[in-house]
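Engineer: Take this structure first; my questions come after.
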Amino acid sequence: MPKKYNVCVLGATGMVGREMIKVLEQRNFPVDKFLPLASERTAGQKVTFQNKEYTVKEATSESFEEMQIGLFSAGAKISAKFAPEAAKRKCIVIDNTSHFRMDPKVPLVVPEVNPEALKTHKGIIANPNCSTAQMVLALKPIYDAVGIERLVISTYQSTSGWGKEAIAEMYEQTKALLENPKAKIVPKYIFKQIAFNVVPQIDSFVDNGYTKEEMKMINETRKILGDEDIQITATCVRVPVAIGHAESVNIKTKKKISVEAVRKLLATFPTVKIVDDPSMGEYPTPIDCVGIDDTLVGRIREDISQKNGIEMWIVSDNLRRGAALNAVLIAEKMIEDSLV
Ligand SMILES: NC(=O)c1ccc[n+]([C@@H]2O[C@H](COP(=O)([O-])OP(=O)(O)OC[C@H]3O[C@@H](n4cnc5c(N)ncnc54)[C@H](OP(=O)(O)O)[C@@H]3O)[C@@H](O)[C@H]2O)c1
């Protein structure tokens with residue numbers, strides 16, 4: 001009999017947590033005991049996993065007592081509080097929040113890109129920011145082949161990336177404005193009106209004028225690729241899309257690489273799929289990636305403004321690839337490498 005593991009999902013009632021439960025089920029993850037955790041607000045709610053109904057419990061330090069794997073997605077403060085408690089109780093934490101990502105003692109992992117980092121874990125492993133995870137998948141084969149000198153990134157990020165309240169806010173504003181174009185909109189979760197608009201702010205601003213989200217992309221990309229010398233700039237923008245982040249990425253490579261060579265590299269890289277036929281009007285859009293594992297890449301072309309420049313458009317399901325699937329793939333890899 002293959003070994004089974006006691007698994008808890010902290011944030012089980014959230015956007016990412018619900019997707020985690022779905023991914024665990026779809027991949028037939030070897031779960032023995034299953035424990036969905038959230039706050040006191042939703043404790044008592046029911047979730048279904050593998051055709052069985054489970055009651056959501058309020059998370060406490062003791063929740064992790066019998067658990068072996070904890071998938072965390074309840075926000076940075078909650079992870080700061082509970083991840084050390086879980087690790088102390090021998091429950092390995094795979095954390096989706098930003099709290100531990102830049103901690104030098106904590107591996108930050110996309111399993112197809114830097115699985116070797118898992119070997120150094122001390123009980124907590126960090127999942128990258130969703131926009132970073134999808135981008136490094138498309139960058140890794142290019143990085144290995146010719147090196148990367150500089151990246152210029154612009155993102156078009158969906159509202160689900162800011163949690164369940166943000167996606168609901170987009171729907172409410174859209175409905176209100178369709179019913180009455182003069183309706184007064186008071187933004188609550190997203191910084192400005194998101195219905196029929198785009199907002200160039202994701203997370204708060206830091207001293208250098210960038211947002212935290214932009215700095216996450218810069219710092220996390222360097223950590224995952226293990227290269228502090230890559231020059232990176234990013235502008236992260238919220239768009240009125242429910243699920244799926246899109247990114248325009250301009251890559252300056254160290255050595256010249258042709259568009260054809262980039263296509264060949266991406267075509268064989270796991271969980272990356274090229275959708276790119278301008279003659280047929282084919283390129284990926286966010287609705288194409290919802291619910292799928294693959295990161296879709298299109299609009300691959302040579303940058304005509306500089307030497308060694310490649311442009312591409314990367315689209316992926318932020319809840320799934322950028323968060324839930326990445327976490328479950330980490331857990332699977334740890335089992336495969338006997339690290340649990
Ligand atoms: N959305 C994405 O695309 C994405 C991608 C990567 C990483 N992340 C990160 O994942 C985390 C969750 O994101 P989300 O989008 O799933 O947010 P969400 O939809 O707002 O869900 C938040 C979850 O955390 C739980 N929670 C809140 N306070 C808690 C507390 N005091 N104790 C226990 N549980 C608590 C909530 O439970 P209640 O229902 O009881 O409030 C809910 O289950 C965030 O740190 C986010 O940055 C999100």
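Residue numbering restarts at 1 in every chain; chains get A, B, ... in the order shown in the structure tokens, and ligands count up from 1 in that same order.
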Would you pick out the contacts of range 284-300 of chain A at 8 Å or less, using only C-alpha atoms, so that residues sharing its chain but fewer than 6 positions from it are not included, and give the list as a list in words?
Structural biologist: Gln134, Leu137, Ala138, Val241, Ile243, Gly244, His245, Ala246, Val259, Arg263, Thr271, Val272, Lys273, Ile274, Val275, Asp276, Asp277, Pro278, Ile310, Glu311, Met312, Trp313, Ile314, Val315, Ser316, Asp317, Arg320, Arg321 and Leu325 of chain A
Engineer: Taking only C-alpha atoms and all ligand atoms into account, report as a PyMOL selection string which residues have an atom no farther than 7 Å from an atom of ligand 1.
Structural biologist: chain A and resi 10-17+37-43+58-59+73-76+78+96-98+129-130+160-165+318-319+322-323
Engineer: Here is a test: counting only C-alpha atoms, which residue of A:Pro187, A:Arg27, A:Lys252, A:Asn180 is nearest to Val146 in chain A?
Structural biologist: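 Ranked by minimum distance to Val146 in chain A, first place goes to A:Lys252.
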Engineer: Taking only C-alpha atoms into account, name the residue in A:Val109, A:Ile257, A:Ala176, A:Leu71 that is nearest to Arg301 in chain A.
Structural biologist: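 Closest to Arg301 in chain A, using only C-alpha atoms: A:Ile257.
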Engineer: From the set A:Ser248, A:Thr268, A:Thr132, A:Gln173, which residue has the shortest atom-to-atom contact distance to Ile218 in chain A, counting only C-alpha atoms?
Structural biologist: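 Between A:Ser248, A:Thr268, A:Thr132, A:Gln173, the residue approaching Ile218 in chain A most closely is A:Thr132.
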Engineer: Using backbone DSSP assignments, extract all strand (DSSP E) residues from range 38-284 of chain A; output them as an MDAnalysis selection string.
Structural biologist: chainID A and resid 38 46:49 52:55 57:58 69:72 92:95 124:126 148:157 231:238 245:253 272:274
Engineer: Name the residues in contact with range 223-229 of chain A at a cut-off of 7 Å, using only C-alpha atoms, excluding same-chain residues fewer than 2 positions from it; report them as a PyMOL selection string.
Structural biologist: chain A and resi 108-109+114+219-221+231
Engineer: Generate the output file for the selected residues, N, CA and C atoms, as a JSON list (two decimals), in the first residue's frame.
Structural biologist:
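result_25.json was written with the following content:
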[["chain", "number", "residue", "atom", "x", "y", "z"],
["A", 108, "LEU", "N", 12.18, 28.77, -1.65],
["A", 108, "LEU", "CA", 11.07, 29.35, -2.42],
["A", 108, "LEU", "C", 11.05, 28.57, -3.73],
["A", 109, "VAL", "N", 9.97, 27.81, -3.95],
["A", 109, "VAL", "CA", 10.09, 26.75, -4.96],
["A", 109, "VAL", "C", 8.96, 26.73, -5.99],
["A", 114, "ASN", "N", 13.16, 24.92, -9.70],
["A", 114, "ASN", "CA", 14.26, 24.77, -8.73],
["A", 114, "ASN", "C", 13.94, 23.73, -7.64],
["A", 219, "ASN", "N", 12.22, 40.42, -6.50],
["A", 219, "ASN", "CA", 13.05, 39.67, -5.55],
["A", 219, "ASN", "C", 12.85, 38.16, -5.66],
["A", 220, "GLU", "N", 11.59, 37.75, -5.84],
["A", 220, "GLU", "CA", 11.32, 36.30, -5.89],
["A", 220, "GLU", "C", 11.90, 35.67, -7.15],
["A", 221, "THR", "N", 11.84, 36.40, -8.27],
["A", 221, "THR", "CA", 12.40, 35.86, -9.52],
["A", 221, "THR", "C", 13.90, 35.60, -9.35],
["A", 231, "GLN", "N", 18.70, 42.17, -13.92],
["A", 231, "GLN", "CA", 18.08, 43.49, -13.75],
["A", 231, "GLN", "C", 16.59, 43.32, -14.05]]
Engineer: To test your reading of the structure, identify every residue in range 160-192 of chain A that backbone DSSP assigns to alpha helix (DSSP H), and report it as a list in words.
Structural biologist: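 Result set for range 160-192 of chain A (alpha helix (DSSP H)): Lys164, Glu165, Ala166, Ile167, Ala168, Glu169, Met170, Tyr171, Glu172, Gln173, Thr174, Lys175, Ala176, Leu177, Leu178 and Glu179 of chain A.
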Engineer: Please provide the set of residues having any atom within 8 Å of Pro200 in chain A, restricted to only C-alpha atoms, with same-chain residues fewer than 3 positions apart removed, written as a list in words.
Structural biologist: Thr235, Cys236, Val237 and Arg238 of chain A
Engineer: For those residues, write all heavy atoms to a file as a PDB file, in the first residue's frame.
Structural biologist:
ATOM      1  N   THR A 235       5.732  46.575 -13.579  1.00  0.00           N
ATOM      2  CA  THR A 235       4.538  47.367 -13.252  1.00  0.00           C
ATOM      3  C   THR A 235       3.386  46.376 -13.184  1.00  0.00           C
ATOM      4  O   THR A 235       3.120  45.655 -14.152  1.00  0.00           O
ATOM      5  CB  THR A 235       4.249  48.428 -14.347  1.00  0.00           C
ATOM      6  OG1 THR A 235       5.393  49.274 -14.458  1.00  0.00           O
ATOM      7  CG2 THR A 235       3.025  49.259 -13.985  1.00  0.00           C
ATOM      8  N   CYS A 236       2.744  46.297 -12.017  1.00  0.00           N
ATOM      9  CA  CYS A 236       1.672  45.312 -11.819  1.00  0.00           C
ATOM     10  C   CYS A 236       0.326  46.021 -11.807  1.00  0.00           C
ATOM     11  O   CYS A 236       0.130  46.976 -11.050  1.00  0.00           O
ATOM     12  CB  CYS A 236       1.887  44.554 -10.517  1.00  0.00           C
ATOM     13  SG  CYS A 236       3.348  43.507 -10.578  1.00  0.00           S
ATOM     14  N   VAL A 237      -0.585  45.524 -12.613  1.00  0.00           N
ATOM     15  CA  VAL A 237      -1.860  46.204 -12.841  1.00  0.00           C
ATOM     16  C   VAL A 237      -3.021  45.238 -12.599  1.00  0.00           C
ATOM     17  O   VAL A 237      -2.988  44.090 -13.059  1.00  0.00           O
ATOM     18  CB  VAL A 237      -1.917  46.741 -14.293  1.00  0.00           C
ATOM     19  CG1 VAL A 237      -3.242  47.447 -14.559  1.00  0.00           C
ATOM     20  CG2 VAL A 237      -0.752  47.682 -14.572  1.00  0.00           C
ATOM     21  N   ARG A 238      -4.007  45.702 -11.866  1.00  0.00           N
ATOM     22  CA  ARG A 238      -5.231  44.904 -11.642  1.00  0.00           C
ATOM     23  C   ARG A 238      -6.205  45.208 -12.777  1.00  0.00           C
ATOM     24  O   ARG A 238      -6.427  46.370 -13.121  1.00  0.00           O
ATOM     25  CB  ARG A 238      -5.858  45.308 -10.303  1.00  0.00           C
ATOM     26  CG  ARG A 238      -7.015  44.447  -9.905  1.00  0.00           C
ATOM     27  CD  ARG A 238      -6.628  43.084  -9.411  1.00  0.00           C
ATOM     28  NE  ARG A 238      -5.916  43.094  -8.145  1.00  0.00           N
ATOM     29  CZ  ARG A 238      -5.130  42.098  -7.731  1.00  0.00           C
ATOM     30  NH1 ARG A 238      -4.962  41.010  -8.468  1.00  0.00           N
ATOM     31  NH2 ARG A 238      -4.513  42.169  -6.565  1.00  0.00           N
TER      32      ARG A 238
END
